[in-house]
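I have placed the structure first, in the form of structure tokens, so that the comments after it can refer back to it.
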Amino acid sequence: MITFIQKNKKAVFLTILVVLNFCLAAWGESAATVATGGDKKNTIEIKDFMFNPPSITVKSGETITWINHDDEPHTVVSVGKKFQKSSALDTDQEFTITAGAPGTYEYFCSVHPKMTGTIVVEK
Amino acid sequence: MSDYISHDHEHDGIDRRGFLKCMAWAGTGVLWTVSGGVLVSKTLAQIAKAGASLPAATDLSFLQISDSHIGFNKDANKDVTETFKIALDRINAMPTPPSFLIHTGDITQLSKPEEFDTFDEVLKNCRTKDVFYVPGEHDVLNDGGKLYRERYLKSVDAKGSGWYSFNKNGVHFIGLVNVLELQAGGLGQLGDEQLEWLEADVKGLGADTPLVVFAHIPLWTVYPQWGWGTSDSERALGCLKRFGSVTVLNGHIHQVLQKVDGNVTFHTALSTAFPQPAPGTAPSPGPMKVPAEKLRSMLGLTSVHYKQGNSALAVVDSNLS
């Protein structure tokens, strides 16, 4: 069983997501490496109170990482609570999630709600 | 500059020049006085520019401090604890200490317990012991304000997420919370529950009762592009319209701005931590780096005194610090 999980980590991972009906599964920074192998790296830079790029398209199963370059804390919070929110990210701190079910996900910074962004997840 | 008393009309050991000088020492905040039951709300700069007279008699004075951001350590100010201490030193240096302080939020940078601890420890050195708080968004980052409420609402009868009112010397004070449950794309927000409480709170008050309303994010639309406003503040102000004197004290934007609308005076305070840019003058409202020698002047430590017999009066003396 352990061998099976290791060999088919990604497949099992996605199955669990579907079973649990997660729209997006959020992992902490420590867990981010679990699903990164070979996937495209999607990075959203936070600078001058903006998410850059403001809209990003990713494939289901890919990771998305936000990194805060401001001297001000920011958060990443899903509109409608569709994925786990980040804690407050201080300067140079990162937050990573793994994209789940296809769809469009709006998010914002709960400290500065004028800051908004969009994630489009494709199959 | 000498400290002799040239005119001691009130025989209280302080003349106009001395009083203004002391006020200048308290440059980390704004001195609000209630004279003859009517709230007089003037900034030092306003008094200085207009040459207006100070209130003759003071029945009540208090001091507003704001945005101490304990824990912030970036280039805009590497030692915000030190500048907060200096702010308290200025308050302690006042010959007549204010009756109480109002802190209009962002006590800490990241809502960390150790940041709150540092703030509390430093505040012990303040001669004025009574402090009334409202939270800033930096104080409620990860727990919705739980830690903040446990620490800073002990002396008040707080409702909901931490709003309350109290009376001092015939003035009705209202502390509001507009930094929680913010919505994507939106501004500060009070919410229906708080607004209903506010309407009930002021219902029984006579229209001649002076009101002081304080909250972190401005209760007027300063610059919505940067989120500097409160989406449902109009409803709050609606139920305050019948009052003859309403003073709204806010923080959040780290600079002094003032607006008068009918009987309502809106005012934002300086920070004790770091300045922020004027609306629209920078790519973002983030901490503004200024030359080290200029920093304290941007934190309100600009010293002002009055030149006797001269209607144009402002004198800035940085040596006072």
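Identifiers for the structure tokens are assigned positionally: chains receive A, B, ... in sequence, residues are indexed from 1 per chain, and ligands are indexed from 1 in the order shown.
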
Select all residues from chain B having any atom no more than 8 Å from an atom of chain A (counting only C-alpha atoms, ignoring ligands), output as a list in words.
-> Lys74, Leu110, Glu137, His138, Leu141, Asn142, Glu181, Leu182, Gln183, Ala184, Gly185, Gly186, Leu187, Gln225, Trp226, Gly227, Pro283, Ser284, Pro285, Gly286 and Pro287 of chain B

Do a neighbour search on segment 200-214 of chain B at 8 Å with only C-alpha atoms, toss out local chain neighbours closer than 3 positions, and write the hits as a ChimeraX atom specification.
-> /B:37-39,104,134,165,170-176,196-197,239-240,242-250

Quick one: everything within 7 Å of segment 52-64 of chain A, counting only C-alpha atoms, minus sequence neighbours fewer than 6 positions away in the same chain. Send it as a ChimeraX atom specification.
-> /A:36,39-46,96-102,117-123

Output for the residues just chosen: C-alpha atoms as a short mmCIF file (atom, residue, chain, number, x, y, z; two decimals), in the first residue's frame:
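Output file result_2.cif is given in full below:
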```cif
data_model
loop_
_atom_site.label_atom_id
_atom_site.label_comp_id
_atom_site.auth_asym_id
_atom_site.auth_seq_id
_atom_site.Cartn_x
_atom_site.Cartn_y
_atom_site.Cartn_z
CA THR A 36 5.33 19.74 -7.32
CA ASP A 39 4.65 20.38 -12.71
CA LYS A 40 4.83 23.89 -14.06
CA LYS A 41 5.63 26.45 -11.40
CA ASN A 42 2.95 29.09 -11.14
CA THR A 43 4.04 32.11 -9.13
CA ILE A 44 2.01 35.16 -8.24
CA GLU A 45 4.10 38.09 -7.04
CA ILE A 46 2.59 40.49 -4.54
CA THR A 96 1.29 27.58 -1.86
CA ILE A 97 -1.85 25.72 -2.83
CA THR A 98 -2.54 22.92 -5.28
CA ALA A 99 -5.20 23.56 -7.89
CA GLY A 100 -8.13 21.15 -7.68
CA ALA A 101 -11.34 21.01 -9.67
CA PRO A 102 -11.56 23.04 -12.88
CA GLY A 117 -7.09 38.20 -8.22
CA THR A 118 -8.43 35.30 -10.25
CA ILE A 119 -7.35 31.71 -10.72
CA VAL A 120 -8.66 29.75 -13.69
CA VAL A 121 -8.18 26.00 -13.27
CA GLU A 122 -8.35 23.86 -16.40
CA LYS A 123 -8.44 20.08 -16.71
#
```

Point-to-point distance from atom CA of Gly188 of chain B to atom CA of Thr221 of chain B, Å rounded to tenths | 10.0 Å

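Relative to atom CA of Leu60 of chain B, atom CA of Ala87 of chain B is found at 20.6 Å.
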
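Straight-line separation from atom CA of Pro277 of chain B to atom CA of Met298 of chain B: 10.5 Å.
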
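Each of B:Glu199, B:Arg296, B:Ser271, B:Asn178 was compared to Trp228 of chain B using only C-alpha atoms, and B:Asn178 turns out to be the nearest.
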